[in-house]
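Colleague: Sharing a structure, written as structure tokens. Questions coming.
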Amino acid sequence: MAKIVYIGAGSHQFARRLITDILYYPELRGNTITLMDIAKEPLDLITAFARKLVEQQKFSTRIESTTDRRKALESANYVITTIRVGGQAAAQADRAVAEKYELKTGNIIGPIGVFDGAREIPVLLDICRDMEELCPDAWLINYTNPMAINTWAVSEYSKIKNVGLCHSVQHTATELAKYIGAPFEEISFWTAGINHMAWFLDFRWRGEDAYPLLRERFKDPAVYSAPDAHWDGPDIVRAEVFKTFGYYVTECSTIMAEYVPYFRKRNRPELYDKYKLRRVESRAAATEQNNKDAELMQQIKENFQFPMSHSGEYVSIIIRAIEAGVPARINGNVKNTGLITNLPEGCCVEVPCLVDKEGITPCFVGDLPAQLAALNRTNISVQELAVRGIVEKDRTKMFQAMLLDPLSASLLTIDEIRQMTDEMFVAGAKYLQGYK
């Protein structure tokens, strides 16, 4: 029987989804799921949900709950992390500084991503050190952003087997099938690059190259400009990148626009209208989460019959493949050990991985098309300096990471980026002790 530990289980957005996914597979219902969070109230709520689901379905799954991380990790086989150090308040402090400099971005890359990583990496490495002592053979399965920065740090500075997971590949594959009018089960694809900037290197329908059909469909802007083209709204940025660079990228238009310098310009509000760019503010997200928590609490009290369905997230697919020997192929974020030959050795890449009883085996990709590798490298440089700066507590490297961010560099001067870096250190001082 396996022990599956979930650290950051109070993150309800993922917790309900991932717990249900694990219980979806009969092969995984006899295991123990240990839920851990430092915040007791949201932990208690998601624990009540998990126990109610097990009770309703009459499963034999054991649900444990604790705020003690080391207790949770004892003899674990799988450790899932969805932590958010500092919560919404820390994220909003970063965003307030960035927006002062007209940088309206998320926590994946750029200044906010660099400083989000500065909060997350020390805790993730602490978890790894505990795992090295308490469950050295366990897999760390990380969902915490900024994905590439965090996975790079864990891979380089710990001995723990690990993979970083995102859902952008699955979601985009579903959207591409819709664009060409194909049933999802009839398409196939081969995707590689870096997290949120991986590329559909091969896209097929019934074994035939589907890119010519997609190009034909995209001659009509209405196809990708519709409000429901993508879960995040119109997909205009990705369509423009596809037409310009020849391959479809995995992340939504709003986030892809943060990775490149072409779509967000100072004093150019017409570009936001043209590309339908938006960003949901943290305060709105927090309000929405509070509403969802209240709804979940009411559903538990009223004995609401929670549905059993699979979200498409990879974590339960990985555990099932290893535990039950049901082979699978996923896309995971891993250390580049010659997998993508024209990206730097040791960086974090997102590549196809085979999963079976032997574990997770990343697939060899070879060279990316030159233009795609070039785009990836612009962000890999930011990630590398961020990782070095965070682990070494080096303010200069953190500043240099900010300087190399493509979007920041297109909008700000060196002096402005230096000032923004200093202000972010002040805003996040509680979590940034010991930097020199």
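Identifiers in the structure tokens: chain A, B, ... in order shown; residue index from 1 per chain; ligand index from 1 in order shown.
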Counting only C-alpha atoms, what is within 9 Å of Leu277 (chain A), bar same-chain residues fewer than 6 positions away, as a ChimeraX atom specification?
Modeller: /A:233-234,236-237,253-254,257,263-264,271
Colleague: Go ahead and write the residues just picked, C-alpha atoms, as a PDB file, in the first residue's frame.
Modeller:
ATOM      1  CA  GLY A 233     -10.672  34.045 -23.538  1.00  0.00           C
ATOM      2  CA  PRO A 234      -9.497  35.004 -27.047  1.00  0.00           C
ATOM      3  CA  ILE A 236      -4.931  36.004 -30.399  1.00  0.00           C
ATOM      4  CA  VAL A 237      -1.375  36.128 -29.027  1.00  0.00           C
ATOM      5  CA  SER A 253      -2.277  34.048 -24.702  1.00  0.00           C
ATOM      6  CA  THR A 254      -2.298  36.150 -21.531  1.00  0.00           C
ATOM      7  CA  ALA A 257       2.493  37.639 -23.802  1.00  0.00           C
ATOM      8  CA  PHE A 263       2.580  42.422 -27.083  1.00  0.00           C
ATOM      9  CA  ARG A 264       2.741  44.561 -23.943  1.00  0.00           C
ATOM     10  CA  LEU A 271      -2.322  46.715 -27.931  1.00  0.00           C
TER      11      LEU A 271
END
Colleague: How close does region 238-339 of chain A get to region 401-410 of chain A? List, as a tab-separated table, each residue of region 238-339 of chain A within 12 Å, its nearest atom pair and the distance in Å to one decimal, counting only C-alpha atoms.
Modeller:
residue	atom	partner	partner_atom	distance
A:Ile255	CA	A:Leu407	CA	11.6
A:Met256	CA	A:Leu407	CA	10.8
A:Ala257	CA	A:Leu407	CA	8.5
A:Glu258	CA	A:Leu407	CA	6.3
A:Tyr259	CA	A:Leu407	CA	6.6
A:Val260	CA	A:Pro406	CA	5.7
A:Pro261	CA	A:Leu407	CA	4.6
A:Tyr262	CA	A:Leu407	CA	8.1
A:Phe263	CA	A:Leu407	CA	9.0
A:Arg264	CA	A:Leu407	CA	7.7
A:Lys265	CA	A:Ser410	CA	7.9
A:Arg266	CA	A:Ser410	CA	9.2
Colleague: So that I have them on file, write out the residues from the current selection with N, CA and C atoms, as a PDB file, in the first residue's frame.
Modeller:
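Result saved to out_1.pdb:
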ATOM      1  N   ILE A 255      -0.590  34.643 -20.682  1.00  0.00           N
ATOM      2  CA  ILE A 255       0.718  34.312 -20.103  1.00  0.00           C
ATOM      3  C   ILE A 255       1.807  34.323 -21.163  1.00  0.00           C
ATOM      4  N   MET A 256       1.517  33.830 -22.365  1.00  0.00           N
ATOM      5  CA  MET A 256       2.539  33.846 -23.419  1.00  0.00           C
ATOM      6  C   MET A 256       3.008  35.278 -23.690  1.00  0.00           C
ATOM      7  N   ALA A 257       2.120  36.234 -23.571  1.00  0.00           N
ATOM      8  CA  ALA A 257       2.493  37.639 -23.802  1.00  0.00           C
ATOM      9  C   ALA A 257       3.480  38.144 -22.762  1.00  0.00           C
ATOM     10  N   GLU A 258       3.607  37.438 -21.629  1.00  0.00           N
ATOM     11  CA  GLU A 258       4.567  37.823 -20.591  1.00  0.00           C
ATOM     12  C   GLU A 258       5.966  37.278 -20.874  1.00  0.00           C
ATOM     13  N   TYR A 259       6.081  36.306 -21.752  1.00  0.00           N
ATOM     14  CA  TYR A 259       7.357  35.657 -22.031  1.00  0.00           C
ATOM     15  C   TYR A 259       8.140  36.342 -23.152  1.00  0.00           C
ATOM     16  N   VAL A 260       7.480  37.203 -23.891  1.00  0.00           N
ATOM     17  CA  VAL A 260       8.100  37.831 -25.057  1.00  0.00           C
ATOM     18  C   VAL A 260       7.845  39.338 -25.015  1.00  0.00           C
ATOM     19  N   PRO A 261       8.625  40.124 -25.753  1.00  0.00           N
ATOM     20  CA  PRO A 261       8.510  41.589 -25.654  1.00  0.00           C
ATOM     21  C   PRO A 261       7.574  42.236 -26.670  1.00  0.00           C
ATOM     22  N   TYR A 262       6.749  41.453 -27.358  1.00  0.00           N
ATOM     23  CA  TYR A 262       6.060  41.977 -28.541  1.00  0.00           C
ATOM     24  C   TYR A 262       4.665  42.531 -28.292  1.00  0.00           C
ATOM     25  N   PHE A 263       4.009  42.165 -27.194  1.00  0.00           N
ATOM     26  CA  PHE A 263       2.580  42.422 -27.083  1.00  0.00           C
ATOM     27  C   PHE A 263       2.187  43.413 -25.997  1.00  0.00           C
ATOM     28  N   ARG A 264       3.046  43.633 -25.039  1.00  0.00           N
ATOM     29  CA  ARG A 264       2.741  44.561 -23.943  1.00  0.00           C
ATOM     30  C   ARG A 264       3.729  45.720 -24.006  1.00  0.00           C
ATOM     31  N   LYS A 265       3.240  46.919 -24.307  1.00  0.00           N
ATOM     32  CA  LYS A 265       4.099  48.090 -24.441  1.00  0.00           C
ATOM     33  C   LYS A 265       3.581  49.217 -23.553  1.00  0.00           C
ATOM     34  N   ARG A 266       4.514  49.994 -23.023  1.00  0.00           N
ATOM     35  CA  ARG A 266       4.121  51.134 -22.208  1.00  0.00           C
ATOM     36  C   ARG A 266       3.407  52.161 -23.069  1.00  0.00           C
TER      37      ARG A 266
END
Colleague: For a test of reading the model, state the distance in Å between CA of His196 (chain A) and CA of Pro111 (chain A), rounded to one decimal.
Modeller: 16.3 Å
Colleague: Do you have, as a Markdown table, the list of residues of region 9-59 of chain A lying at most 12 Å from region 124-145 of chain A, each with its nearest atom pair and that distance in Å to one decimal, counting only C-alpha atoms and ordered by chain then number?
Modeller:
| residue | atom | partner | partner_atom | distance |
| --- | --- | --- | --- | --- |
| A:Ala9 | CA | A:Tyr143 | CA | 11.7 |
| A:Ser11 | CA | A:Thr144 | CA | 10.6 |
| A:Gln13 | CA | A:Tyr143 | CA | 11.7 |
| A:Phe14 | CA | A:Tyr143 | CA | 9.0 |
| A:Ala15 | CA | A:Tyr143 | CA | 11.1 |
| A:Leu18 | CA | A:Tyr143 | CA | 10.9 |
Colleague: Find the residues of region 150-229 of chain A that sit at most 12 Å from region 82-85 of chain A; for each, write down the nearest two atoms and how far apart they are in Å, to one decimal. Count only C-alpha atoms. Sort by chain, then by number going up, and give it as JSON lines.
Modeller:
{"residue": "A:Asn150", "atom": "CA", "partner": "A:Ile83", "partner_atom": "CA", "distance": 11.5}
{"residue": "A:Gly164", "atom": "CA", "partner": "A:Thr82", "partner_atom": "CA", "distance": 10.7}
{"residue": "A:Leu165", "atom": "CA", "partner": "A:Thr82", "partner_atom": "CA", "distance": 10.4}
{"residue": "A:Cys166", "atom": "CA", "partner": "A:Thr82", "partner_atom": "CA", "distance": 11.3}
